[in-house]
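Report on one structure; see the data block that follows.
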Amino acid sequence: MSRVTIHLTRHGEVHNPEGILYGRIPGYGLSERGRAMAERLGGFYAEAGRDVRLLVSSPLQRAQETIAPIASALALEPRIDERVIEAGNAFEGMLVDRSSLSRPENLAKVYNPFRPSWGEAYTDQVKRMRAAMASLRVRLEARARADGGEPEGVIVSHQLPIWVTRRAAEGRPLWHDPRDRECALASVTSFTFESGTLEAVEYQDVCADLQPNRAVPGA
């Protein structure tokens, strides 16, 4: 029997004064508040009673800057995994509002919210996130067999991939209203496995007091 937990962690707030949907565009790092969120996460994962042994990050700058204080607090070296990157989006680099979405050239991209037609399919996001989690789970289970305990791993990723992975785990439809996502900046969605079987999913808004009033696009 082996019990392991994987914490899907959203990155902190990004410096984005233009308010664009930045998606996978390089060069978008954490804001001052985002850095404070990342430091908070470092303390959260270093708390007594935790047994975090492995760290994984999206390749994007904001994710790597978020995992850095966690790695420092735990004296661990994070690995990059392309599978936990932000979702692809046809509106990347744009100011996304009602007027931009109603332009004739964009209407063909918004006809099917269930896929969604404007970006990477929800099912594809879940598939790659689950694959990354399975790889980490196998490594954690090996640590548990070798050293005992109930090891934990951290994956720093992005809101949409984390949210649809949680919805899939809970047996809910993947399509949803983006305004209803329970995946705040620098939040933690934890998946606990017992002998390879998912036993529980829990959510914590670790930085509730640091959340901005406006959502950050492309996060």
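All residue names refer to the structure tokens as shown: chains lettered A, B, ... in order, residues numbered from 1 in each chain, ligands numbered from 1 in order.
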
Residue neighbourhood A:Ala186, 9 Å, only C-alpha atoms, exclusion window fewer than 4 positions, as a PDB file with N, CA, C and O atoms, in the first residue's frame:
```
ATOM      1  N   THR A   9      -0.532  23.328  -8.383  1.00  0.00           N
ATOM      2  CA  THR A   9      -0.418  24.679  -7.828  1.00  0.00           C
ATOM      3  C   THR A   9      -0.425  25.698  -8.958  1.00  0.00           C
ATOM      4  O   THR A   9       0.390  25.607  -9.882  1.00  0.00           O
ATOM      5  N   ARG A  10      -1.330  26.646  -8.877  1.00  0.00           N
ATOM      6  CA  ARG A  10      -1.351  27.708  -9.882  1.00  0.00           C
ATOM      7  C   ARG A  10      -0.276  28.744  -9.541  1.00  0.00           C
ATOM      8  O   ARG A  10      -0.019  29.027  -8.357  1.00  0.00           O
ATOM      9  N   HIS A  11       0.341  29.319 -10.551  1.00  0.00           N
ATOM     10  CA  HIS A  11       1.375  30.339 -10.346  1.00  0.00           C
ATOM     11  C   HIS A  11       0.779  31.607  -9.722  1.00  0.00           C
ATOM     12  O   HIS A  11      -0.444  31.795  -9.667  1.00  0.00           O
ATOM     13  N   GLY A  12       1.646  32.500  -9.284  1.00  0.00           N
ATOM     14  CA  GLY A  12       1.209  33.766  -8.704  1.00  0.00           C
ATOM     15  C   GLY A  12       0.835  34.800  -9.761  1.00  0.00           C
ATOM     16  O   GLY A  12       0.942  34.558 -10.973  1.00  0.00           O
ATOM     17  N   GLU A  13       0.424  35.972  -9.297  1.00  0.00           N
ATOM     18  CA  GLU A  13      -0.008  37.047 -10.194  1.00  0.00           C
ATOM     19  C   GLU A  13       1.129  37.475 -11.122  1.00  0.00           C
ATOM     20  O   GLU A  13       2.289  37.564 -10.725  1.00  0.00           O
ATOM     21  N   GLY A  34       2.703  38.903  -7.055  1.00  0.00           N
ATOM     22  CA  GLY A  34       2.913  37.519  -7.435  1.00  0.00           C
ATOM     23  C   GLY A  34       4.116  36.905  -6.739  1.00  0.00           C
ATOM     24  O   GLY A  34       4.107  35.730  -6.340  1.00  0.00           O
ATOM     25  N   MET A  37       3.125  36.044  -3.322  1.00  0.00           N
ATOM     26  CA  MET A  37       2.357  34.793  -3.347  1.00  0.00           C
ATOM     27  C   MET A  37       3.290  33.593  -3.401  1.00  0.00           C
ATOM     28  O   MET A  37       3.087  32.590  -2.700  1.00  0.00           O
ATOM     29  N   ALA A  38       4.314  33.680  -4.238  1.00  0.00           N
ATOM     30  CA  ALA A  38       5.256  32.576  -4.378  1.00  0.00           C
ATOM     31  C   ALA A  38       5.993  32.312  -3.065  1.00  0.00           C
ATOM     32  O   ALA A  38       6.208  31.160  -2.667  1.00  0.00           O
ATOM     33  N   ARG A  40       4.806  32.930  -0.133  1.00  0.00           N
ATOM     34  CA  ARG A  40       3.806  32.312   0.741  1.00  0.00           C
ATOM     35  C   ARG A  40       3.724  30.808   0.476  1.00  0.00           C
ATOM     36  O   ARG A  40       3.634  30.009   1.414  1.00  0.00           O
ATOM     37  N   LEU A  41       3.752  30.444  -0.792  1.00  0.00           N
ATOM     38  CA  LEU A  41       3.704  29.027  -1.134  1.00  0.00           C
ATOM     39  C   LEU A  41       4.928  28.282  -0.607  1.00  0.00           C
ATOM     40  O   LEU A  41       4.822  27.135  -0.159  1.00  0.00           O
ATOM     41  N   THR A  66       7.402  31.054  -9.749  1.00  0.00           N
ATOM     42  CA  THR A  66       6.581  30.654  -8.609  1.00  0.00           C
ATOM     43  C   THR A  66       7.196  29.485  -7.868  1.00  0.00           C
ATOM     44  O   THR A  66       7.175  29.443  -6.628  1.00  0.00           O
ATOM     45  N   VAL A 156       3.662  23.051 -10.517  1.00  0.00           N
ATOM     46  CA  VAL A 156       3.209  24.424 -10.726  1.00  0.00           C
ATOM     47  C   VAL A 156       2.766  24.561 -12.173  1.00  0.00           C
ATOM     48  O   VAL A 156       3.562  24.396 -13.100  1.00  0.00           O
ATOM     49  N   ASP A 205      -7.144  27.933  -1.006  1.00  0.00           N
ATOM     50  CA  ASP A 205      -6.745  29.248  -1.502  1.00  0.00           C
ATOM     51  C   ASP A 205      -5.715  29.799  -0.525  1.00  0.00           C
ATOM     52  O   ASP A 205      -6.035  30.533   0.408  1.00  0.00           O
ATOM     53  N   VAL A 206      -4.473  29.433  -0.765  1.00  0.00           N
ATOM     54  CA  VAL A 206      -3.392  29.746   0.167  1.00  0.00           C
ATOM     55  C   VAL A 206      -3.161  31.249   0.285  1.00  0.00           C
ATOM     56  O   VAL A 206      -2.737  31.736   1.336  1.00  0.00           O
ATOM     57  N   CYS A 207      -3.451  31.979  -0.776  1.00  0.00           N
ATOM     58  CA  CYS A 207      -3.185  33.422  -0.805  1.00  0.00           C
ATOM     59  C   CYS A 207      -4.478  34.227  -0.917  1.00  0.00           C
ATOM     60  O   CYS A 207      -4.533  35.231  -1.634  1.00  0.00           O
ATOM     61  N   ALA A 208      -5.493  33.807  -0.199  1.00  0.00           N
ATOM     62  CA  ALA A 208      -6.807  34.452  -0.301  1.00  0.00           C
ATOM     63  C   ALA A 208      -6.734  35.956  -0.034  1.00  0.00           C
ATOM     64  O   ALA A 208      -7.415  36.753  -0.691  1.00  0.00           O
ATOM     65  N   GLN A 211      -5.335  38.101  -3.190  1.00  0.00           N
ATOM     66  CA  GLN A 211      -5.952  38.028  -4.504  1.00  0.00           C
ATOM     67  C   GLN A 211      -6.310  39.420  -5.019  1.00  0.00           C
ATOM     68  O   GLN A 211      -6.834  40.257  -4.288  1.00  0.00           O
TER      69      GLN A 211
END
```

All residues 7 Å or closer to stretch 91-106 of chain A, only C-alpha atoms, same chain fewer than 5 positions away omitted, as a list in words:
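After dropping sequence-adjacent residues, the list is Gly19, Ile20, Leu21, Tyr22 and Gly23 of chain A.
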
Members of stretch 50-110 of chain A assigned helix (DSSP H, G or I) by DSSP, as number ranges by chain
A: 61-74, 82-84, 98-101, 104-107

Keeping only C-alpha atoms, take the residues you just selected and write them out as an mmCIF file, in the first residue's frame.
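Wrote it out as result_21.cif, contents follow:
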```cif
data_model
loop_
_atom_site.group_PDB
_atom_site.id
_atom_site.type_symbol
_atom_site.label_atom_id
_atom_site.label_comp_id
_atom_site.auth_asym_id
_atom_site.auth_seq_id
_atom_site.Cartn_x
_atom_site.Cartn_y
_atom_site.Cartn_z
ATOM 1 C CA GLN A 61 8.450 32.055 -16.802
ATOM 2 C CA ARG A 62 5.647 32.750 -14.342
ATOM 3 C CA ALA A 63 5.533 29.098 -13.264
ATOM 4 C CA GLN A 64 9.304 28.855 -12.837
ATOM 5 C CA GLU A 65 9.351 32.065 -10.789
ATOM 6 C CA THR A 66 6.581 30.654 -8.609
ATOM 7 C CA ILE A 67 8.315 27.352 -7.926
ATOM 8 C CA ALA A 68 11.680 28.979 -7.136
ATOM 9 C CA PRO A 69 10.841 29.961 -3.508
ATOM 10 C CA ILE A 70 9.279 26.527 -2.968
ATOM 11 C CA ALA A 71 12.456 24.866 -4.218
ATOM 12 C CA SER A 72 14.561 27.122 -2.003
ATOM 13 C CA ALA A 73 12.460 26.433 1.085
ATOM 14 C CA LEU A 74 12.638 22.673 0.533
ATOM 15 C CA GLU A 82 6.133 20.608 -21.057
ATOM 16 C CA ARG A 83 2.927 18.658 -20.403
ATOM 17 C CA VAL A 84 1.783 21.054 -17.677
ATOM 18 C CA ARG A 98 -17.111 41.434 -25.891
ATOM 19 C CA SER A 99 -16.261 43.761 -28.755
ATOM 20 C CA SER A 100 -13.164 41.820 -29.815
ATOM 21 C CA LEU A 101 -14.990 38.496 -29.669
ATOM 22 C CA PRO A 104 -16.263 38.810 -37.909
ATOM 23 C CA GLU A 105 -12.773 37.314 -38.033
ATOM 24 C CA ASN A 106 -13.192 35.978 -34.490
ATOM 25 C CA LEU A 107 -16.730 34.623 -34.657
#
```

Compile the contact shell of A:Val138 as a list in words: residues with an atom at most 12 Å away, counting only C-alpha atoms, same-chain residues fewer than 2 positions apart removed.
Ser2, Arg3, Val4, Thr5, Ile6, Leu54, Ala131, Ala132, Met133, Ala134, Ser135, Leu136, Leu140, Glu141, Ala142, Arg143, Ala144, Arg145, Pro151, Glu152, Gly153, Phe193, Glu194, Ser195, Gly196 and Thr197 of chain A

Based on the backbone DSSP call, show me all residues of chain A assigned strand (DSSP E), as a PyMOL selection string.
chain A and resi 3-10+52-57+79-80+152-157+188-194+197-204

Exercise: A:Thr165 partners within 8 Å, only C-alpha atoms, chain neighbours under 2 positions left out, as a PyMOL selection string
chain A and resi 125-126+129-130+161-163+167-169

With N, CA, C and O atoms kept, could you save the residues just selected as a compact mmCIF listing (two decimals), in the first residue's frame?
```txt
# COMPACT_ATOMS: atom_id res chain seq x y z
N GLN A 125 -6.10 18.80 -22.78
CA GLN A 125 -5.46 19.33 -21.58
C GLN A 125 -5.47 18.31 -20.45
O GLN A 125 -4.46 18.10 -19.77
N VAL A 126 -6.61 17.68 -20.26
CA VAL A 126 -6.72 16.67 -19.20
C VAL A 126 -5.77 15.51 -19.48
O VAL A 126 -5.09 15.01 -18.57
N MET A 129 -2.14 16.57 -18.68
CA MET A 129 -1.95 16.79 -17.25
C MET A 129 -1.96 15.47 -16.49
O MET A 129 -1.14 15.25 -15.59
N ARG A 130 -2.88 14.58 -16.86
CA ARG A 130 -2.93 13.28 -16.20
C ARG A 130 -1.65 12.49 -16.46
O ARG A 130 -1.17 11.78 -15.57
N PRO A 161 -5.72 24.33 -17.24
CA PRO A 161 -5.37 22.91 -17.15
C PRO A 161 -5.65 22.30 -15.79
O PRO A 161 -6.09 21.15 -15.69
N ILE A 162 -5.39 23.06 -14.73
CA ILE A 162 -5.67 22.55 -13.39
C ILE A 162 -7.17 22.36 -13.20
O ILE A 162 -7.63 21.32 -12.70
N TRP A 163 -7.96 23.34 -13.63
CA TRP A 163 -9.39 23.30 -13.37
C TRP A 163 -10.07 22.16 -14.12
O TRP A 163 -10.89 21.43 -13.56
N ARG A 167 -12.09 18.92 -12.68
CA ARG A 167 -13.46 18.59 -13.10
C ARG A 167 -13.53 17.15 -13.61
O ARG A 167 -14.48 16.41 -13.31
N ALA A 168 -12.53 16.73 -14.36
CA ALA A 168 -12.50 15.36 -14.86
C ALA A 168 -12.42 14.36 -13.70
O ALA A 168 -13.10 13.34 -13.69
N ALA A 169 -11.58 14.67 -12.71
CA ALA A 169 -11.42 13.77 -11.56
C ALA A 169 -12.71 13.65 -10.76
O ALA A 169 -12.99 12.60 -10.18
```

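Residue nearest A:Thr192 within the list A:Arg53, A:Glu150, A:Pro173, A:Asp209: A:Glu150 [criterion: smallest interatomic distance, only C-alpha atoms].
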
Option closest in space to A:Ile155, from A:Ala36, A:Ala46, A:Val56, A:Leu198 [counting only C-alpha atoms]
A:Val56

If you count only C-alpha atoms, which residues fall within 10 Å of stretch 113-117 of chain A, apart from same-chain ones fewer than 2 positions away, as a PyMOL selection string?
chain A and resi 89-90+108-111+119-124+173-177

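Coordinates place atom CA of A:Ser190 at a distance of 18.1 Å from atom CA of A:Pro78.
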
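For the residues A:Ala87, A:Leu210, A:Val201, A:Leu76, ranking by smallest atom-to-atom distance to A:Asp51 using only C-alpha atoms places A:Leu76 first.
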
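What separates atom CA of A:Val52 from atom CA of A:Glu39 is a distance of 16.1 Å.
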
Which neighbours of A:Gln159 fall inside 8 Å, counting only C-alpha atoms, when residues of the same chain fewer than 5 positions from it are skipped, and could you give them as a list in words?
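Contacts, with the query itself left out: Arg10, Glu86, Cys183, Ala184, Leu185 and Ala219 of chain A.
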
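Counting from atom CA of A:Asn112, the distance to atom CA of A:Ile25 is 24.2 Å.
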